[in-house]
Every structure is written in C-alpha cells, then in structure tokens.
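Enquirer: Once you've had a glance at the structure underneath, I'll fire off some questions.
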Amino acid sequence: MESIKNRFNPVSPGQLVKDLLGGVIVALISIPISMGYAQIAGLPMQYGLYGSVFTIIIFGLLTTSRDFVFGVDAAPAALVGGTVAAMGYAAGSEEALHFVLTLTFFVSLWLLIFFLFKAGRIVKYISASVMGGFVTGICCTIILMQTPKLFGGSPGAGEASELILHIISQLPEFNLLSFGLSAASIAIIMIAKKFIPKVPMSVIVMAAAAVSGMILPFESYGVRLLPHVDAGFHGFAMLPVIESADQLRDYLFSSLSIAAVILAESLLASRGNALKDGYKLDSNREILAYSAANFMSALSCCCPVNASVSRTGIVRQFGAKSQWLSISSGITMLAVLYFAAPMIEYLPVPVLTAIVVSALINACEFGEAVYYFKKSRTEFYIFVGAFLAVLIFGTVYGVIIGVVLSFVSVIMRAVTPPRAFLGAIEGKQNSFYSLKRNKESRAVKNTIIYRFGGDLFFANIDTLQNDIETAIREDTKVVIINAGACGAIDITAAERLLMMYEELKKRGIHFYITEHVEEVNDQLRQFGAGKLLESGAVRMTTALALRDSGIRYPYPIEDESVTYILTGEKTTFRKKRFEKSIVRPAHISRMAKGIQPELEWVFGSKAEEYREKIAQELVDKFFDSSVTLSELEDAEKHTLWGRVNMFDEDEILDRIENKLEEELAKDPEKLAKAEKVIHDRREYIEQRIRTMDPGAIRKLIDRRKSFLESAGKKAEDE
C-alpha cells in the first residue's frame, strides 16, 4: 500500500497531463506492437490487445518503478512462439491458445515463487553484456521469422539457419507492393526516430496505412490485410485443467526459462531507470508486480508480459514521471477495443510487420556491442557468445547458455584480477608503487614485488605462479607477493604457495606473502601450509619482508632496463622539459618527499594527456581574466579534475607557460604579467622544498640533472 501511495502522490496539473498523455501514446504505440508479438507467440493477433488492458493497470498499481512500461514484448513472445512450435501446435489454433494461456499462468507462479524466495538478488550475477547479447539475439531471430511477411510470404519458425532457408523458400511469393509498403514504413519510422524522436511515427504510419486500406484495393494487388476483430473486450478466461504428469512437467520446464528471462530483463532495465532518476527500486516488490501482471495476462488469454525498454524510452521523452501513465494506457486500450477495433481489419500485414520490425531493430543493442569492443574485449566476446547462442541453438537453450556465460564472466574476472609489479620511489620508505603506472617508481635491486588483486583459489593460482616465474632473473634474491586484496584462499592455492616456497628456497630465493587479512593465515594453517607461517615467509608488510631478507631503507634501485623487462614500457622524454627540470628543482621534491603525483596514480600512462587538458583549460581562463595570482589559484581549484596537488601543478605550470608563449606572443605586456604570476606560484611550491635537508636535495638534484642530461642527449640523437 505504501508503494502505491508513493507513486500516486498528488502531482501538479501540468505533470498529470504529461502522465496521462504518455499513457495514451503508450497505448497507441502498443496497438501494432502487441498484435505483432501476439502473432509471434502463436496467438490470434487481437489477444495482444486484450493483454494490454488490465495487465498494464495491475502492474501500474503494484510496481515501485515510476515510469516503466510493461506489456507484450519481444523476448517472452519469442520464447513462447518457439515453445508452441516445438510442441507441434499450429499458430493461432485453439490448442495453441489454451497452451499459451496455461503457460502464462505457470510463468506467473514461478515469478511468485521468485518473490517469496527474494530471487531479485540473483539478477546481480547476470551481466549486462550477457543480457544485451541475449535480447539482441532474440530480436534478430524474430526479425528473421517476420521477414517473409514484409514481402507477402508466411512467417517461419526455428533457429537462424532454418529461418534463412525459409526466407529463401518464400521468395516465389514475393509481392512488389507489399515489399514497397514495408520498406517505406521502416524507412519513415527509422528516419523519424533519428530526427524527430518525440513524434510517435509508428502510430502515424499505422493510422495512415489503415485509412489507405479503407480507400485503396490492396487485396486486389496481392497485399494481405489483417483479419476482422470484434469490438469489445472478450472477458476473462478459465484456466484449462492439467491432464497428466507429463503435461505438468512440460509446463513447468518451459515456463521456468520464460520467467527467468522476464525477471532478469525487466529488473535490470527498471533498475537502470531508477538509478538515472535517483530513486530506490524495491526489487522484490517488482517481482510481485511481474507475477500479478502475468496472472492477469493469463486470464486475458494473452502471452507472458515483460518490461518494454523501447516504449519506456518513448514515454520518457514526453516527460511522464508516474504510473498514472499505466492507468491511462490500459483505459485507452480498452477504448480502442470498443470503438476502434473495426479499423484494424484495414491495416496491411506488411505495414504491421514493418512496425514490429522497426521496434525490434530499436531494441537490438549492437551499439552496446561496439562499446564493449572498444572498452572491454572480454565483455564483447560474452555479448557475441550470448547473441550467437540464441541464433544458433534457439531461445530456450540461449537462456541456459546465457546464464552459464554470466557465471563464466564472473569466473574470468576472478581468474585474471588486476595485478602489477611494484617498485619504490626514492625517499618513500614504506610504500610501493606500480612500475607501469608511476614513472618515478623503480624496481628494488634483486627483488620482485608482485601485487595480486584478488582472492587466491584453484582457478587463478596458475596466473600468479606464471607471472612470478616469468619475472624471475638469474640475480633475483627475493620474491614478495603483496596480497593486500586477498581475503580468502582455498586448499589448492595453499598447497601451490607452499610448493613455490620450497622450490624458491632450493634456488636460494627468499619467498614472502604480505599485506593480507588475518583470516588468510588461519586458512593457510588449516589447509596444511602452516610452514609458511612458522618459517617467517608470511609478513604483515612488504617493508618487513624486505628487512627480513636483508634489504634495508634506502632501498637499492635497479636500472631502467629491469623496469622495462617487468612492464614492457620504455620511459619517454621531452627535450623542452629537461632544461626547466635542470634549472628548477621543484619536481625533484616528489623524489625527496617520496610523494607521487596524483594524476599518475589515477590515470597511469594517460596522466600526461590529462595534464595537457588541465593546462589548456587554465590557459583559456587566463584570456578571460586579469591574470592575478589569486585568480590562478582560484582557477586551479575549479578545473574539470578539481584541485590538483602541487606536484602535478608544477608540471602543469610548465605547459601553461609554453602555451602562453605561443598564444601571447603578440602581447608582450600580458605575457610578462602572466609569467610573473606563474613565477610567483612556483616560488610558493619551491618554498616547500627549502624546508628539507639541503644536502639531500642537492644530491637528488645532481643525480636527476645528470640523468636528464644523458636522457635528453639520447632523445635528441634519436
């Protein structure tokens, strides 16, 4: 009751009008889509309209989502249609109608069971890439099913290979006018979506086609029209009786996969909406709403219903913000059934099919696949795997494979967690930094410090062992595993760590595990690797492990060739920076202080790119100000990044000065003023250095100067 109250709080008259109008638009858009999906599910098309009345109203009353649209949709329709075909029922027959009605009822029962067991928690184990590939595969399968209807043929059934062969077999039925109507409809809808997305073009196309069907003799040219639909709502149905245990088993198995898809797809999509709009979604209450809506769909003789991402996206463009839209949509659909049903029989089949195909194209998530390809090849391959599973093996097996892929993706992340070789920064005694991400970090001499970012178990211990074995050199004396992210270990990993300790000991190499939580020590003891604890191979910190092995602060540093071996990256130099680095010791302070620039810690190899962006941003602000020191300080506090630390600022000031020399070349007075401001800011930074031991600073500067001079000469020669 409380959730209903929260979603039907009084709204302003203007907002209420938007919500009610949104419901009308949802109903009108749902007319062709619901009829098309009902046919895909093996039902007479008008049952899609019956399932879009009280089903939607019940969902609107129970859901905690504010503006999500529920109704007859692609994924459940395809699953049901495939099941109907597999059972041998003719689409649209009385047997198919009874089967779908009962199947929908069992879907609602499964969803009720999910609600009672709080199964919403399971959804977090299904990745977005799996669901995206699965939904896209279903959409493409339905498009292949419906393709023959675009040119006057009959729809197909089965997997992708069978559907393609069916399309070829239907080519003799090709009707040019049917194809022209469908192609024009798809083109108009897709172009309108791009340029005038707020216009419900599918509704306009449907109305125009129906009027044309009344005026023009389409049937005489071989274009099929939809059958006659009686006006009014047919009433509620009685559920058929289950006749045998085998029949009950068929219903239970088939409905379980459909319920799982409805749960996963609807909950993932509605959660995304709630996050965008900043309100909390009650996942378990949502499952109850799904169950009740599907129960009402069964009573309406319709197929299982699901969240509709495409229709939700459309209604959000019109500003609807409450479930008054669902109430309005159900009432509008009821009015259509009583007052506009006779118009439906004038609608050409190719146009209805084109509207459905357009909706399916919009529901495909190929854009997400491109995003995954650019950002994460693993997620991309999972998306493709789920997509191909549906196309090749069908929707039911696609569900099973999709769930397996979800767990595979979790395992893959656990098997290959973030990991890095660490080094020391001169002047920093007890902290160690990634050699790859931090340019001041250097490998400790004769030592491998390896950070593993996850729990250790049978599936990833090989990764750890291979990384370390590859990194060991002839002069390696110490191997330290920084296990700060490890909270658990299994018996296989414990045994392998003990074997590594014994093997490295024979080779004269000290082996340590450090930084992990105390519970890991208990597990090592429990799993028979207590020797690691008793021999001192387990240490609380990496610094203590180094001290035990005889390496004390200040840590001896390897030359850069070893860092290159461990990271695969060479250090690059910019000649223009060397001169200022030699003359001005500000950035040497990070070595003396042992403090790492924050942008390197955050962005790694892209730190230079971000410094350049911030420098350009500050330069742009210089042109709009009087260039005072206070304004420079204020600008630094309000960059896109935020306040940079002084070590990043030191390097950013270099870039600002270089840019100003180019930008203000024709304004010497303003350039001199800007340089004075930069100089004053540098003075402040360098004052911090003067508080240090002068001898230590001089030593660091001389060492850095010699290094930069030789590196600069080398870079110049290259």
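Quick note on naming: the chains in the structure tokens go A, B, ... in the order shown, residues restart at 1 in each chain, and ligands are numbered from 1 in order of appearance.
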Within 10 Å of A:Ile189, counting only C-alpha atoms, which residues qualify if same-chain residues fewer than 5 places away don't, as an MDAnalysis selection string?

Expert: chainID A and resid 184 194 196:197 199:205 354:355 358:359

Enquirer: For the structure I just gave you, how does DSSP split stretch 285-483 of chain A - specifically, which residues are strand (DSSP E or B)? Reply as a list in words.

Expert: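 Answer for stretch 285-483 of chain A, restricted to strand (DSSP E or B): Asn306, Ala307, Pro348, Arg419, Ala420, Phe421, Leu422, Gly423, Ala424, Tyr433, Ser434, Arg442, Val444, Thr447, Ile448, Ile449, Tyr450, Arg451, Phe452, Leu456, Val478, Val479, Ile480, Ile481 and Asn482 of chain A.
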
Enquirer: Restrict the selected residues to C-alpha atoms and save them as an mmCIF file, in the first residue's frame.

Expert:
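What ended up in result_3.cif:
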data_model
loop_
_atom_site.group_PDB
_atom_site.id
_atom_site.type_symbol
_atom_site.label_atom_id
_atom_site.label_comp_id
_atom_site.auth_asym_id
_atom_site.auth_seq_id
_atom_site.Cartn_x
_atom_site.Cartn_y
_atom_site.Cartn_z
ATOM 1 C CA ASN A 306 7.592 -8.151 -19.834
ATOM 2 C CA ALA A 307 9.205 -4.732 -19.347
ATOM 3 C CA PRO A 348 -2.000 -4.137 -44.410
ATOM 4 C CA ARG A 419 47.955 -7.370 -10.869
ATOM 5 C CA ALA A 420 51.219 -5.441 -11.129
ATOM 6 C CA PHE A 421 54.917 -5.440 -10.331
ATOM 7 C CA LEU A 422 55.809 -2.849 -7.709
ATOM 8 C CA GLY A 423 58.825 -0.685 -7.033
ATOM 9 C CA ALA A 424 59.998 2.002 -4.657
ATOM 10 C CA TYR A 433 54.015 1.685 -6.376
ATOM 11 C CA SER A 434 53.198 0.099 -9.721
ATOM 12 C CA ARG A 442 61.871 1.815 -9.780
ATOM 13 C CA VAL A 444 64.176 -2.786 -5.954
ATOM 14 C CA THR A 447 63.801 -8.194 -5.829
ATOM 15 C CA ILE A 448 60.387 -8.950 -7.317
ATOM 16 C CA ILE A 449 57.426 -7.327 -5.548
ATOM 17 C CA TYR A 450 54.209 -8.613 -7.117
ATOM 18 C CA ARG A 451 50.718 -7.369 -6.256
ATOM 19 C CA PHE A 452 47.789 -9.742 -6.880
ATOM 20 C CA LEU A 456 43.555 -16.953 -4.386
ATOM 21 C CA VAL A 478 63.751 -12.042 -3.117
ATOM 22 C CA VAL A 479 60.141 -12.675 -4.251
ATOM 23 C CA ILE A 480 57.363 -10.885 -2.363
ATOM 24 C CA ILE A 481 53.641 -11.367 -3.068
ATOM 25 C CA ASN A 482 51.708 -8.305 -1.944
#

Enquirer: Need the shell around A:Arg507: protein/DNA/RNA residues with any atom at most 12 Å away, counting only C-alpha atoms. Skip same-chain ones fewer than 6 positions apart. Format as a ChimeraX atom specification?

Expert: /A:472-479,500-501

Enquirer: What's the 12 Å shell around A:Ala208, counting only C-alpha atoms, without same-chain residues fewer than 5 positions away, as a list in words?

Expert: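 Selected residues are Leu181, Ser185, Met201, Ser202, Val203, Gly213, Met214, Ile215, Leu216, Met343, Ile344, Tyr346, Leu347, Pro348, Val351 and Leu352 of chain A.
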
Enquirer: Show which residues sit within 10 Å of stretch 383-395 of chain A, as a ChimeraX atom specification. Count only C-alpha atoms, and ignore same-chain residues fewer than 5 positions away.

Expert: /A:75-76,78-83,127-142,144,158-163,257-258,365-366,368-369,372-373,377-378,400-406

Enquirer: Store the residues picked out above, limited to N, CA and C atoms, as a short mmCIF file (atom, residue, chain, number, x, y, z; two decimals), in the first residue's frame.

Expert:
data_model
loop_
_atom_site.label_atom_id
_atom_site.label_comp_id
_atom_site.auth_asym_id
_atom_site.auth_seq_id
_atom_site.Cartn_x
_atom_site.Cartn_y
_atom_site.Cartn_z
N ALA A 75 11.02 -10.61 -26.08
CA ALA A 75 11.67 -11.80 -25.53
C ALA A 75 10.67 -12.89 -25.12
N PRO A 76 9.67 -12.58 -24.28
CA PRO A 76 8.71 -13.64 -23.92
C PRO A 76 7.93 -14.16 -25.11
N ALA A 78 8.90 -14.42 -28.22
CA ALA A 78 9.74 -15.35 -29.00
C ALA A 78 9.90 -16.69 -28.28
N LEU A 79 10.09 -16.64 -26.96
CA LEU A 79 10.23 -17.88 -26.20
C LEU A 79 8.96 -18.71 -26.28
N VAL A 80 7.81 -18.06 -26.14
CA VAL A 80 6.53 -18.78 -26.20
C VAL A 80 6.30 -19.32 -27.60
N GLY A 81 6.58 -18.49 -28.63
CA GLY A 81 6.39 -18.95 -30.01
C GLY A 81 7.24 -20.16 -30.33
N GLY A 82 8.49 -20.15 -29.85
CA GLY A 82 9.35 -21.30 -30.07
C GLY A 82 8.84 -22.54 -29.36
N THR A 83 8.30 -22.35 -28.17
CA THR A 83 7.76 -23.48 -27.42
C THR A 83 6.51 -24.03 -28.09
N SER A 127 25.33 -10.52 -16.09
CA SER A 127 25.98 -9.29 -16.55
C SER A 127 25.17 -8.62 -17.64
N ALA A 128 25.39 -7.32 -17.79
CA ALA A 128 24.69 -6.55 -18.83
C ALA A 128 25.07 -7.03 -20.22
N SER A 129 26.31 -7.50 -20.40
CA SER A 129 26.73 -7.98 -21.72
C SER A 129 26.00 -9.26 -22.10
N VAL A 130 25.78 -10.14 -21.13
CA VAL A 130 25.02 -11.37 -21.40
C VAL A 130 23.58 -11.03 -21.78
N MET A 131 22.94 -10.17 -20.98
CA MET A 131 21.56 -9.82 -21.25
C MET A 131 21.43 -9.07 -22.58
N GLY A 132 22.40 -8.19 -22.87
CA GLY A 132 22.37 -7.46 -24.14
C GLY A 132 22.49 -8.39 -25.33
N GLY A 133 23.41 -9.36 -25.26
CA GLY A 133 23.56 -10.32 -26.35
C GLY A 133 22.35 -11.20 -26.50
N PHE A 134 21.78 -11.60 -25.36
CA PHE A 134 20.59 -12.46 -25.38
C PHE A 134 19.41 -11.74 -26.02
N VAL A 135 19.13 -10.51 -25.57
CA VAL A 135 18.00 -9.75 -26.11
C VAL A 135 18.20 -9.46 -27.60
N THR A 136 19.41 -9.10 -27.97
CA THR A 136 19.70 -8.81 -29.38
C THR A 136 19.53 -10.06 -30.24
N GLY A 137 19.94 -11.21 -29.70
CA GLY A 137 19.74 -12.46 -30.44
C GLY A 137 18.28 -12.77 -30.64
N ILE A 138 17.47 -12.55 -29.60
CA ILE A 138 16.02 -12.77 -29.72
C ILE A 138 15.42 -11.85 -30.76
N CYS A 139 15.80 -10.56 -30.69
CA CYS A 139 15.26 -9.59 -31.66
C CYS A 139 15.61 -9.98 -33.09
N CYS A 140 16.85 -10.39 -33.32
CA CYS A 140 17.27 -10.78 -34.68
C CYS A 140 16.54 -12.06 -35.12
N THR A 141 16.32 -12.98 -34.19
CA THR A 141 15.57 -14.19 -34.52
C THR A 141 14.16 -13.85 -34.96
N ILE A 142 13.50 -12.94 -34.22
CA ILE A 142 12.13 -12.56 -34.58
C ILE A 142 12.10 -11.83 -35.91
N LEU A 144 14.09 -12.34 -38.40
CA LEU A 144 14.18 -13.39 -39.43
C LEU A 144 12.86 -14.12 -39.58
N GLY A 158 11.87 -21.67 -35.89
CA GLY A 158 13.11 -22.41 -35.73
C GLY A 158 14.30 -21.51 -35.46
N GLU A 159 15.51 -22.07 -35.67
CA GLU A 159 16.73 -21.31 -35.45
C GLU A 159 17.12 -20.54 -36.71
N ALA A 160 18.21 -19.79 -36.60
CA ALA A 160 18.61 -18.87 -37.67
C ALA A 160 18.78 -19.59 -39.01
N SER A 161 19.45 -20.75 -39.01
CA SER A 161 19.69 -21.46 -40.27
C SER A 161 18.38 -21.87 -40.93
N GLU A 162 17.44 -22.37 -40.12
CA GLU A 162 16.13 -22.76 -40.66
C GLU A 162 15.35 -21.55 -41.16
N LEU A 163 15.47 -20.44 -40.45
CA LEU A 163 14.74 -19.24 -40.84
C LEU A 163 15.27 -18.66 -42.15
N SER A 257 12.06 -21.08 -17.80
CA SER A 257 13.01 -20.28 -18.58
C SER A 257 12.42 -18.93 -18.96
N ILE A 258 11.12 -18.90 -19.29
CA ILE A 258 10.46 -17.64 -19.64
C ILE A 258 10.41 -16.71 -18.44
N GLU A 365 20.80 -4.23 -29.35
CA GLU A 365 21.81 -3.47 -28.62
C GLU A 365 23.19 -3.60 -29.27
N PHE A 366 23.25 -3.44 -30.59
CA PHE A 366 24.53 -3.51 -31.28
C PHE A 366 25.43 -2.34 -30.88
N GLU A 368 25.74 -1.25 -27.91
CA GLU A 368 26.43 -1.72 -26.71
C GLU A 368 27.59 -2.64 -27.08
N ALA A 369 27.38 -3.46 -28.11
CA ALA A 369 28.45 -4.36 -28.55
C ALA A 369 29.67 -3.56 -29.02
N TYR A 372 31.41 -2.27 -25.96
CA TYR A 372 32.20 -3.32 -25.31
C TYR A 372 33.47 -3.61 -26.10
N PHE A 373 33.38 -3.60 -27.43
CA PHE A 373 34.55 -3.88 -28.27
C PHE A 373 35.65 -2.85 -28.01
N ARG A 377 37.27 -6.22 -24.40
CA ARG A 377 37.09 -7.32 -25.35
C ARG A 377 36.43 -8.52 -24.68
N THR A 378 36.70 -8.72 -23.41
CA THR A 378 36.07 -9.85 -22.70
C THR A 378 34.55 -9.71 -22.72
N ILE A 400 19.83 -20.84 -21.17
CA ILE A 400 20.76 -21.65 -20.38
C ILE A 400 22.20 -21.22 -20.64
N ILE A 401 22.54 -21.06 -21.92
CA ILE A 401 23.90 -20.66 -22.27
C ILE A 401 24.19 -19.26 -21.75
N GLY A 402 23.19 -18.37 -21.80
CA GLY A 402 23.38 -17.02 -21.28
C GLY A 402 23.71 -17.01 -19.80
N VAL A 403 22.99 -17.84 -19.02
CA VAL A 403 23.26 -17.93 -17.57
C VAL A 403 24.66 -18.48 -17.33
N VAL A 404 25.03 -19.51 -18.12
CA VAL A 404 26.38 -20.08 -17.98
C VAL A 404 27.43 -19.02 -18.29
N LEU A 405 27.21 -18.23 -19.35
CA LEU A 405 28.16 -17.17 -19.70
C LEU A 405 28.27 -16.12 -18.61
N SER A 406 27.16 -15.85 -17.92
CA SER A 406 27.20 -14.89 -16.81
C SER A 406 28.17 -15.37 -15.74
#

Enquirer: What does the structure give for the distance between atom CA of A:Ser154 and atom CA of A:His234, in Å to one decimal?

Expert: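 Taking atom CA of A:Ser154 as the start and atom CA of A:His234 as the end point, the length is 27.4 Å.
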
Enquirer: I'd like the contact shell of stretch 69-73 of chain A - 8 Å cut-off, only C-alpha atoms, skipping same-chain residues fewer than 6 positions apart - returned as a list in words.

Expert: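 That gives Val26, Ile33, Ser34, Tyr37, Ala38, Gly48, Gly51, Ser52, Thr55, Ile56, Phe59, Cys303, Pro304, Val305, Asn306, Ala307, Ser308, Val309, Arg311, Thr312 and Ser326 of chain A.
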
Enquirer: Looking at A:Ala292, A:Trp324, A:Glu426, A:Ser169, which one is nearest to A:Asp19, with distances taken over only C-alpha atoms?

Expert: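 Closest to A:Asp19 of all the choices is A:Trp324.
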
Enquirer: Could you check the closest approach to A:Ala274 for each of A:Arg682, A:His510, A:Lys428, A:Lys321 and tell me which residue wins, using only C-alpha atoms?

Expert: A:Lys321

Enquirer: Need to verify the contact set: A:Ser254, 12 Å, only C-alpha atoms, exclusion of same-chain residues closer than 6 positions in sequence. Can you return it as a VMD selection string?

Expert: chain A and resid 76 79 to 84 86 to 87 99 to 100 102 to 107 110 247 to 248 260 to 261 304 395 to 397 399

Enquirer: Output N, CA and C atoms for every residue in that selection, as an mmCIF file, in the first residue's frame.

Expert:
data_model
loop_
_atom_site.group_PDB
_atom_site.id
_atom_site.type_symbol
_atom_site.label_atom_id
_atom_site.label_comp_id
_atom_site.auth_asym_id
_atom_site.auth_seq_id
_atom_site.Cartn_x
_atom_site.Cartn_y
_atom_site.Cartn_z
ATOM 1 N N PRO A 76 9.670 -12.578 -24.284
ATOM 2 C CA PRO A 76 8.712 -13.636 -23.916
ATOM 3 C C PRO A 76 7.927 -14.158 -25.114
ATOM 4 N N LEU A 79 10.093 -16.635 -26.956
ATOM 5 C CA LEU A 79 10.226 -17.881 -26.200
ATOM 6 C C LEU A 79 8.959 -18.715 -26.276
ATOM 7 N N VAL A 80 7.806 -18.055 -26.139
ATOM 8 C CA VAL A 80 6.531 -18.776 -26.204
ATOM 9 C C VAL A 80 6.304 -19.319 -27.605
ATOM 10 N N GLY A 81 6.577 -18.491 -28.627
ATOM 11 C CA GLY A 81 6.391 -18.945 -30.009
ATOM 12 C C GLY A 81 7.241 -20.155 -30.328
ATOM 13 N N GLY A 82 8.488 -20.146 -29.852
ATOM 14 C CA GLY A 82 9.353 -21.305 -30.074
ATOM 15 C C GLY A 82 8.837 -22.544 -29.361
ATOM 16 N N THR A 83 8.304 -22.347 -28.171
ATOM 17 C CA THR A 83 7.758 -23.477 -27.415
ATOM 18 C C THR A 83 6.507 -24.033 -28.086
ATOM 19 N N VAL A 84 5.637 -23.150 -28.578
ATOM 20 C CA VAL A 84 4.420 -23.585 -29.281
ATOM 21 C C VAL A 84 4.787 -24.419 -30.499
ATOM 22 N N ALA A 86 7.612 -26.046 -30.983
ATOM 23 C CA ALA A 86 8.242 -27.294 -30.556
ATOM 24 C C ALA A 86 7.208 -28.316 -30.086
ATOM 25 N N MET A 87 6.094 -27.841 -29.536
ATOM 26 C CA MET A 87 5.037 -28.735 -29.060
ATOM 27 C C MET A 87 4.155 -29.237 -30.205
ATOM 28 N N PHE A 99 -2.745 -23.628 -24.732
ATOM 29 C CA PHE A 99 -1.385 -23.892 -24.258
ATOM 30 C C PHE A 99 -0.730 -22.602 -23.755
ATOM 31 N N VAL A 100 -0.832 -21.508 -24.538
ATOM 32 C CA VAL A 100 -0.203 -20.236 -24.157
ATOM 33 C C VAL A 100 -0.836 -19.680 -22.889
ATOM 34 N N THR A 102 -2.202 -21.346 -20.399
ATOM 35 C CA THR A 102 -1.723 -22.116 -19.246
ATOM 36 C C THR A 102 -0.250 -21.839 -18.977
ATOM 37 N N LEU A 103 0.529 -21.720 -20.055
ATOM 38 C CA LEU A 103 1.958 -21.425 -19.905
ATOM 39 C C LEU A 103 2.158 -20.086 -19.192
ATOM 40 N N THR A 104 1.378 -19.085 -19.557
ATOM 41 C CA THR A 104 1.467 -17.769 -18.923
ATOM 42 C C THR A 104 1.121 -17.852 -17.443
ATOM 43 N N PHE A 105 0.115 -18.690 -17.121
ATOM 44 C CA PHE A 105 -0.249 -18.879 -15.719
ATOM 45 C C PHE A 105 0.918 -19.462 -14.928
ATOM 46 N N PHE A 106 1.609 -20.444 -15.496
ATOM 47 C CA PHE A 106 2.748 -21.039 -14.803
ATOM 48 C C PHE A 106 3.915 -20.056 -14.697
ATOM 49 N N VAL A 107 4.067 -19.193 -15.686
ATOM 50 C CA VAL A 107 5.082 -18.136 -15.586
ATOM 51 C C VAL A 107 4.796 -17.258 -14.373
ATOM 52 N N TRP A 110 5.831 -19.110 -11.215
ATOM 53 C CA TRP A 110 7.280 -19.082 -10.999
ATOM 54 C C TRP A 110 7.726 -17.717 -10.464
ATOM 55 N N GLN A 247 2.375 -33.589 -18.944
ATOM 56 C CA GLN A 247 1.952 -32.249 -19.355
ATOM 57 C C GLN A 247 2.372 -31.212 -18.312
ATOM 58 N N LEU A 248 2.222 -31.572 -17.043
ATOM 59 C CA LEU A 248 2.638 -30.663 -15.973
ATOM 60 C C LEU A 248 4.138 -30.392 -16.051
ATOM 61 N N ALA A 260 12.423 -16.701 -15.912
ATOM 62 C CA ALA A 260 13.784 -16.230 -15.617
ATOM 63 C C ALA A 260 14.172 -15.066 -16.511
ATOM 64 N N VAL A 261 13.804 -15.156 -17.795
ATOM 65 C CA VAL A 261 14.110 -14.063 -18.722
ATOM 66 C C VAL A 261 13.346 -12.795 -18.344
ATOM 67 N N PRO A 304 2.907 -14.300 -21.948
ATOM 68 C CA PRO A 304 3.613 -13.627 -20.852
ATOM 69 C C PRO A 304 4.028 -12.206 -21.238
ATOM 70 N N THR A 395 15.981 -19.905 -28.502
ATOM 71 C CA THR A 395 15.824 -19.047 -27.330
ATOM 72 C C THR A 395 15.901 -19.813 -26.017
ATOM 73 N N VAL A 396 15.333 -21.019 -25.955
ATOM 74 C CA VAL A 396 15.336 -21.769 -24.698
ATOM 75 C C VAL A 396 16.764 -22.139 -24.306
ATOM 76 N N TYR A 397 17.519 -22.730 -25.235
ATOM 77 C CA TYR A 397 18.905 -23.066 -24.937
ATOM 78 C C TYR A 397 19.751 -21.804 -24.793
ATOM 79 N N VAL A 399 18.850 -19.185 -23.220
ATOM 80 C CA VAL A 399 18.713 -18.784 -21.814
ATOM 81 C C VAL A 399 19.755 -19.522 -20.966
#

Enquirer: Quick check, in Å to one decimal: how far apart do atom CA of A:Ile191 and atom CA of A:Phe179 lie?

Expert: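 Value for the atom CA of A:Ile191-atom CA of A:Phe179 distance: 18.0 Å.
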
Enquirer: For the atom pair atom CA of A:Asp522 and atom CA of A:Ala471, what is the interatomic distance in Å to one decimal place?

Expert: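 Rounded to one decimal, the two atoms are 29.0 Å apart.
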
Enquirer: May I ask which of the residues A:Leu599, A:Leu263, A:Ile461, A:Ile57 is the closest one to A:Met333, counting only C-alpha atoms?

Expert: A:Ile57

Enquirer: A:Glu345, A:Asp667, A:Glu94, A:Asp67: which is nearest A:Leu281, counting only C-alpha atoms?

Expert: A:Asp67

Enquirer: Which of stretch 360-583 of chain A end up as helix (DSSP H, G or I) when DSSP is run on this backbone - answer as an NGL selection string?

Expert: :A and (360-363 or 366-375 or 377-393 or 395-415 or 461-471 or 491-506 or 518-526 or 530-534 or 542-548 or 560-567 or 575-583)
